[in-house]
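Trainee: So here's my_file.cif, just mmCIF, C-alpha atoms:
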data_final
loop_
_atom_site.group_PDB
_atom_site.id
_atom_site.type_symbol
_atom_site.label_atom_id
_atom_site.label_comp_id
_atom_site.auth_asym_id
_atom_site.auth_seq_id
_atom_site.Cartn_x
_atom_site.Cartn_y
_atom_site.Cartn_z
ATOM 1 C CA ILE A 1 0.000 0.000 0.000
ATOM 2 C CA SER A 2 1.393 3.378 -0.952
ATOM 3 C CA ILE A 3 1.858 6.278 1.427
ATOM 4 C CA ASN A 4 -0.578 8.246 -0.769
ATOM 5 C CA VAL A 5 -3.307 5.697 -0.037
ATOM 6 C CA LEU A 6 -2.550 5.718 3.696
ATOM 7 C CA GLU A 7 -2.560 9.525 3.872
ATOM 8 C CA THR A 8 -5.870 9.642 1.979
ATOM 9 C CA VAL A 9 -7.366 7.154 4.447
ATOM 10 C CA VAL A 10 -6.293 9.493 7.270
ATOM 11 C CA VAL A 11 -8.139 12.403 5.626
ATOM 12 C CA ILE A 12 -11.264 10.262 5.207
ATOM 13 C CA ILE A 13 -11.180 9.154 8.850
ATOM 14 C CA ASN A 14 -10.567 12.740 9.950
ATOM 15 C CA TYR A 15 -13.656 13.815 7.983
ATOM 16 C CA ALA A 16 -15.700 11.086 9.710
ATOM 17 C CA ALA A 17 -14.369 12.299 13.075
ATOM 18 C CA ALA A 18 -15.367 15.884 12.249
ATOM 19 C CA LEU A 19 -18.880 14.732 11.300
ATOM 20 C CA CYS A 20 -19.204 12.929 14.635
ATOM 21 C CA ALA A 21 -17.808 15.841 16.654
ATOM 22 C CA CYS A 22 -20.187 18.306 14.971
ATOM 23 C CA ALA A 23 -23.162 16.019 15.613
ATOM 24 C CA ILE A 24 -22.250 15.250 19.234
ATOM 25 C CA ASP A 25 -21.445 18.861 20.106
ATOM 26 C CA GLY A 26 -24.372 20.326 18.163
ATOM 27 C CA VAL A 27 -22.084 22.513 16.043
ATOM 28 C CA ASP A 28 -23.977 24.742 13.607
ATOM 29 C CA ILE A 29 -21.965 24.400 10.413
ATOM 30 C CA SER A 30 -24.318 26.494 8.278
ATOM 31 C CA ALA A 31 -22.078 29.574 8.504
ATOM 32 C CA CYS A 32 -18.942 27.698 7.449
ATOM 33 C CA PRO A 33 -19.773 24.254 6.072
ATOM 34 C CA MET A 34 -16.180 23.367 5.190
ATOM 35 C CA LEU A 35 -13.595 21.302 7.053
ATOM 36 C CA LEU A 36 -10.051 22.501 6.438
ATOM 37 C CA ASN A 37 -7.865 19.403 6.600
ATOM 38 C CA TYR A 38 -4.101 19.842 6.548
ATOM 39 C CA CYS A 39 -2.055 17.035 5.038
ATOM 40 C CA ASP A 40 1.658 16.722 4.278
ATOM 41 C CA ASN A 41 1.055 14.532 1.213
ATOM 42 C CA THR A 42 0.418 16.422 -2.025
ATOM 43 C CA SER A 43 -1.120 13.402 -3.753
ATOM 44 C CA ALA A 44 -3.634 12.863 -0.938
ATOM 45 C CA CYS A 45 -4.563 16.566 -1.104
ATOM 46 C CA SER A 46 -5.070 16.295 -4.847
ATOM 47 C CA TRP A 47 -7.084 13.081 -4.534
ATOM 48 C CA ILE A 48 -9.392 14.681 -1.962
ATOM 49 C CA ASN A 49 -9.779 18.059 -3.700
ATOM 50 C CA LYS A 50 -9.965 16.831 -7.300
ATOM 51 C CA LYS A 51 -9.692 13.158 -8.137
ATOM 52 C CA CYS A 52 -7.212 10.336 -8.482
ATOM 53 C CA ARG A 53 -6.304 9.288 -12.003
ATOM 54 C CA ASP A 54 -3.400 6.874 -11.635
ATOM 55 C CA SER A 55 -4.091 4.608 -8.651
ATOM 56 C CA LEU A 56 -6.820 1.988 -8.602
ATOM 57 C CA LEU A 57 -6.903 2.099 -4.780
ATOM 58 C CA GLY A 58 -6.969 5.899 -4.894
ATOM 59 C CA ARG A 59 -9.969 5.876 -7.242
ATOM 60 C CA ARG A 60 -11.762 3.378 -5.001
ATOM 61 C CA LEU A 61 -11.097 5.553 -1.958
ATOM 62 C CA GLY A 62 -12.468 8.516 -3.927
ATOM 63 C CA ARG A 63 -15.727 6.662 -4.537
ATOM 64 C CA LEU A 64 -15.921 5.674 -0.877
ATOM 65 C CA PHE A 65 -15.279 9.257 0.179
ATOM 66 C CA ALA A 66 -17.886 10.601 -2.253
ATOM 67 C CA GLY A 67 -20.399 8.182 -0.735
ATOM 68 C CA LEU A 68 -19.489 9.317 2.769
ATOM 69 C CA MET A 69 -19.950 12.965 1.798
ATOM 70 C CA TRP A 70 -23.179 12.375 -0.135
ATOM 71 C CA GLY A 71 -26.016 14.350 1.438
ATOM 72 C CA ARG A 72 -23.806 15.837 4.167
ATOM 73 C CA GLU A 73 -23.764 19.527 4.967
ATOM 74 C CA LEU A 74 -20.033 19.437 5.666
ATOM 75 C CA GLY A 75 -17.563 19.684 2.807
ATOM 76 C CA VAL A 76 -13.796 19.361 2.924
ATOM 77 C CA GLN A 77 -10.822 21.253 1.557
ATOM 78 C CA CYS A 78 -7.450 19.584 1.882
ATOM 79 C CA GLU A 79 -4.454 21.928 2.174
ATOM 80 C CA TRP A 80 -0.826 20.908 1.930
ATOM 81 C CA LEU A 81 1.291 21.338 5.044
ATOM 82 C CA SER A 82 5.073 21.040 4.917
ATOM 83 C CA THR A 83 6.574 18.040 6.663
ATOM 84 C CA HIS A 84 8.480 20.397 8.963
ATOM 85 C CA ALA A 85 5.267 22.162 10.006
ATOM 86 C CA ASN A 86 3.562 18.809 10.577
ATOM 87 C CA GLU A 87 5.544 18.104 13.748
ATOM 88 C CA ILE A 88 2.633 17.121 16.012
ATOM 89 C CA ALA A 89 1.177 14.531 13.623
ATOM 90 C CA ASP A 90 4.657 13.191 12.999
ATOM 91 C CA ARG A 91 5.269 12.733 16.727
ATOM 92 C CA ILE A 92 1.835 11.135 17.282
ATOM 93 C CA SER A 93 2.594 8.573 14.577
ATOM 94 C CA ARG A 94 5.800 7.601 16.362
ATOM 95 C CA VAL A 95 4.361 6.945 19.833
ATOM 96 C CA LYS A 96 5.438 3.485 20.960
ATOM 97 C CA ARG A 97 3.057 0.870 22.286
ATOM 98 C CA GLU A 98 3.707 -0.183 25.857
ATOM 99 C CA SER A 99 1.805 -2.935 27.679
ATOM 100 C CA GLY A 100 -0.649 -3.277 24.802
ATOM 101 C CA ALA A 101 -1.640 0.409 24.727
ATOM 102 C CA PHE A 102 -0.298 3.699 23.442
ATOM 103 C CA ASP A 103 0.717 6.266 26.044
ATOM 104 C CA TYR A 104 0.061 9.783 24.768
ATOM 105 C CA SER A 105 0.666 11.501 28.128
ATOM 106 C CA LEU A 106 4.099 12.832 27.150
ATOM 107 C CA LEU A 107 2.634 14.337 23.986
ATOM 108 C CA LEU A 108 0.077 16.227 26.054
ATOM 109 C CA ILE A 109 2.924 17.775 28.020
ATOM 110 C CA GLU A 110 5.063 18.496 24.956
ATOM 111 C CA PHE A 111 2.140 19.913 22.944
ATOM 112 C CA PRO A 112 -0.362 21.521 25.373
ATOM 113 C CA GLN A 113 -2.653 22.404 22.449
ATOM 114 C CA LEU A 114 -3.594 18.705 22.345
ATOM 115 C CA GLN A 115 -5.297 18.970 25.764
ATOM 116 C CA SER A 116 -8.629 19.831 24.135
ATOM 117 C CA CYS A 117 -8.456 16.921 21.664
ATOM 118 C CA ARG A 118 -10.402 13.729 22.131
ATOM 119 C CA LYS A 119 -10.030 10.246 20.732
ATOM 120 C CA PHE A 120 -12.055 9.018 17.777
ATOM 121 C CA HIS A 121 -12.527 5.393 16.880
ATOM 122 C CA PRO A 122 -14.014 4.827 13.421
ATOM 123 C CA SER A 123 -16.974 2.487 13.226
ATOM 124 C CA SER A 124 -16.400 -1.102 12.204
ATOM 125 C CA THR A 125 -18.471 -0.386 9.088
ATOM 126 C CA LEU A 126 -16.158 2.439 7.968
ATOM 127 C CA LEU A 127 -13.062 0.399 8.767
ATOM 128 C CA SER A 128 -14.356 -2.567 6.776
ATOM 129 C CA MET A 129 -15.087 -0.325 3.778
ATOM 130 C CA ILE A 130 -11.574 1.135 3.890
ATOM 131 C CA SER A 131 -9.725 -2.147 4.308
#
Is it possible to express this structure as structure tokens?

Mentor:
Amino acid sequence: ISINVLETVVVIINYAAALCACAIDGVDISACPMLLNYCDNTSACSWINKKCRDSLLGRRLGRLFAGLMWGRELGVQCEWLSTHANEIADRISRVKRESGAFDYSLLLIEFPQLQSCRKFHPSSTLLSMIS
């Protein structure tokens, strides 16, 4: 599986998380119905914002994503973020598993802006469609 596919999956899951957060918190998205999603992969940004031409998996993810967005009030715009500016996501992806679980406590100290974040676990239905 290419990194482009994996990064696109992350954007799709992030969109699902935003939908859930808006629904749970009762966020009125009518004034700004667009999720700005930063991504350090230019292909994933292009696949989300336009379409994928060259990858069979990328085209399949595009169809899945279109189905997820169908009838939703929330759109998405993917913006490229330099790898150097993507420090928090890079550090999160490198957290080591200890005793069967990931310990994010050091990240919360290192990056206090993560204190307001919450965990999101995609539904088994979404995970089965992606895999």

Trainee: Which of these residues is nearest to A:Gln77, using only C-alpha atoms: A:Ile24, A:Leu56, A:Cys45, A:Val9?

Mentor: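 Of the candidates, the smallest distance to A:Gln77 is held by A:Cys45.
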
Trainee: Restricting the calculation to all atoms listed in the file: of A:Ile48, A:Val76, A:Leu114, A:Ala31, which residue gets closest to A:Leu64?

Mentor: A:Ile48

Trainee: Here is a test: counting all atoms listed in the file, which residue of A:Pro33, A:Asp25, A:Ser128, A:Gln115 is nearest to A:Leu74?

Mentor: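 Selected residue with least distance to A:Leu74: A:Pro33.
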
Trainee: List the neighbours of A:Leu19 out to 10 Å using all atoms listed in the file; skip same-chain residues closer than 6 positions along the sequence, and give me the result as a list in words.

Mentor: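 Neighbouring residues, sequence-local ones excluded: Ile13, Val27, Leu35, Met69, Arg72, Glu73, Leu74 and Gly75 of chain A.
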
Trainee: Can you write out the residues you just picked, keeping C-alpha atoms, as a PDB file, in the frame of the given file?

Mentor:
ATOM      1  CA  ILE A  13     -11.180   9.154   8.850  1.00  0.00           C
ATOM      2  CA  VAL A  27     -22.084  22.513  16.043  1.00  0.00           C
ATOM      3  CA  LEU A  35     -13.595  21.302   7.053  1.00  0.00           C
ATOM      4  CA  MET A  69     -19.950  12.965   1.798  1.00  0.00           C
ATOM      5  CA  ARG A  72     -23.806  15.837   4.167  1.00  0.00           C
ATOM      6  CA  GLU A  73     -23.764  19.527   4.967  1.00  0.00           C
ATOM      7  CA  LEU A  74     -20.033  19.437   5.666  1.00  0.00           C
ATOM      8  CA  GLY A  75     -17.563  19.684   2.807  1.00  0.00           C
TER       9      GLY A  75
END

Trainee: Could you tell me which residues the PyMOL selection byres ((chain A and resi 41) around 8) grabs in this file, written as a ChimeraX atom specification?

Mentor: /A:4,7,39-40,42-45,80-81

Trainee: Take the PyMOL selection byres ((chain A and resi 14) around 12), apply it to the structure above, and return the hits as a PDB file with C-alpha atoms, in the frame of the given file.

Mentor:
ATOM      1  CA  GLU A   7      -2.560   9.525   3.872  1.00  0.00           C
ATOM      2  CA  THR A   8      -5.870   9.642   1.979  1.00  0.00           C
ATOM      3  CA  VAL A   9      -7.366   7.154   4.447  1.00  0.00           C
ATOM      4  CA  VAL A  10      -6.293   9.493   7.270  1.00  0.00           C
ATOM      5  CA  VAL A  11      -8.139  12.403   5.626  1.00  0.00           C
ATOM      6  CA  ILE A  12     -11.264  10.262   5.207  1.00  0.00           C
ATOM      7  CA  ILE A  13     -11.180   9.154   8.850  1.00  0.00           C
ATOM      8  CA  TYR A  15     -13.656  13.815   7.983  1.00  0.00           C
ATOM      9  CA  ALA A  16     -15.700  11.086   9.710  1.00  0.00           C
ATOM     10  CA  ALA A  17     -14.369  12.299  13.075  1.00  0.00           C
ATOM     11  CA  ALA A  18     -15.367  15.884  12.249  1.00  0.00           C
ATOM     12  CA  LEU A  19     -18.880  14.732  11.300  1.00  0.00           C
ATOM     13  CA  CYS A  20     -19.204  12.929  14.635  1.00  0.00           C
ATOM     14  CA  ALA A  21     -17.808  15.841  16.654  1.00  0.00           C
ATOM     15  CA  LEU A  35     -13.595  21.302   7.053  1.00  0.00           C
ATOM     16  CA  LEU A  36     -10.051  22.501   6.438  1.00  0.00           C
ATOM     17  CA  ASN A  37      -7.865  19.403   6.600  1.00  0.00           C
ATOM     18  CA  TYR A  38      -4.101  19.842   6.548  1.00  0.00           C
ATOM     19  CA  CYS A  39      -2.055  17.035   5.038  1.00  0.00           C
ATOM     20  CA  PHE A  65     -15.279   9.257   0.179  1.00  0.00           C
ATOM     21  CA  LEU A  68     -19.489   9.317   2.769  1.00  0.00           C
ATOM     22  CA  VAL A  76     -13.796  19.361   2.924  1.00  0.00           C
ATOM     23  CA  GLN A  77     -10.822  21.253   1.557  1.00  0.00           C
ATOM     24  CA  CYS A  78      -7.450  19.584   1.882  1.00  0.00           C
ATOM     25  CA  LYS A 119     -10.030  10.246  20.732  1.00  0.00           C
ATOM     26  CA  PHE A 120     -12.055   9.018  17.777  1.00  0.00           C
ATOM     27  CA  HIS A 121     -12.527   5.393  16.880  1.00  0.00           C
ATOM     28  CA  PRO A 122     -14.014   4.827  13.421  1.00  0.00           C
ATOM     29  CA  LEU A 126     -16.158   2.439   7.968  1.00  0.00           C
TER      30      LEU A 126
END

Trainee: Between A:Arg60, A:His84, A:Arg118, A:Lys51, which has the minimum distance to A:Ile130 (counting only C-alpha atoms)?

Mentor: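 Result for the nearest residue to A:Ile130: A:Arg60.
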
Trainee: How many Å lie between atom CA of A:Arg63 and atom CA of A:Lys50, rounded to one decimal?

Mentor: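 Taking atom CA of A:Arg63 as the start and atom CA of A:Lys50 as the end point, the length is 12.0 Å.
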
Trainee: Grab the atom CA of A:Arg91 to atom CA of A:Leu107 distance for me, in Å with one decimal place.

Mentor: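 Distance reported for this atom pair: 7.9 Å.
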
Trainee: Quick one: axis-aligned box around all listed atoms of stretch 15-32 of chain A, 4 Å on every side, centre and edge lengths in Å to one decimal, written as JSON.

Mentor:
{"center_x": -19.0, "center_y": 20.3, "center_z": 13.8, "size_x": 18.7, "size_y": 26.5, "size_z": 20.7}

Trainee: Could you jot down the atom CA of A:Phe111 to atom CA of A:Ile88 separation for me, Å, one decimal place?

Mentor: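 Going from atom CA of A:Phe111 over to atom CA of A:Ile88 covers 7.5 Å.
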
Trainee: Calculated over all atoms listed in the file, which of the candidates A:Ile29, A:Val5, A:Ile92, A:Glu79 has the smallest distance to A:Arg59?

Mentor: A:Val5

Trainee: For a quick check of understanding, using only C-alpha atoms, which of A:Leu6, A:Ser82, A:Phe102, A:Ser30 has the smallest distance to A:Trp47?

Mentor: A:Leu6
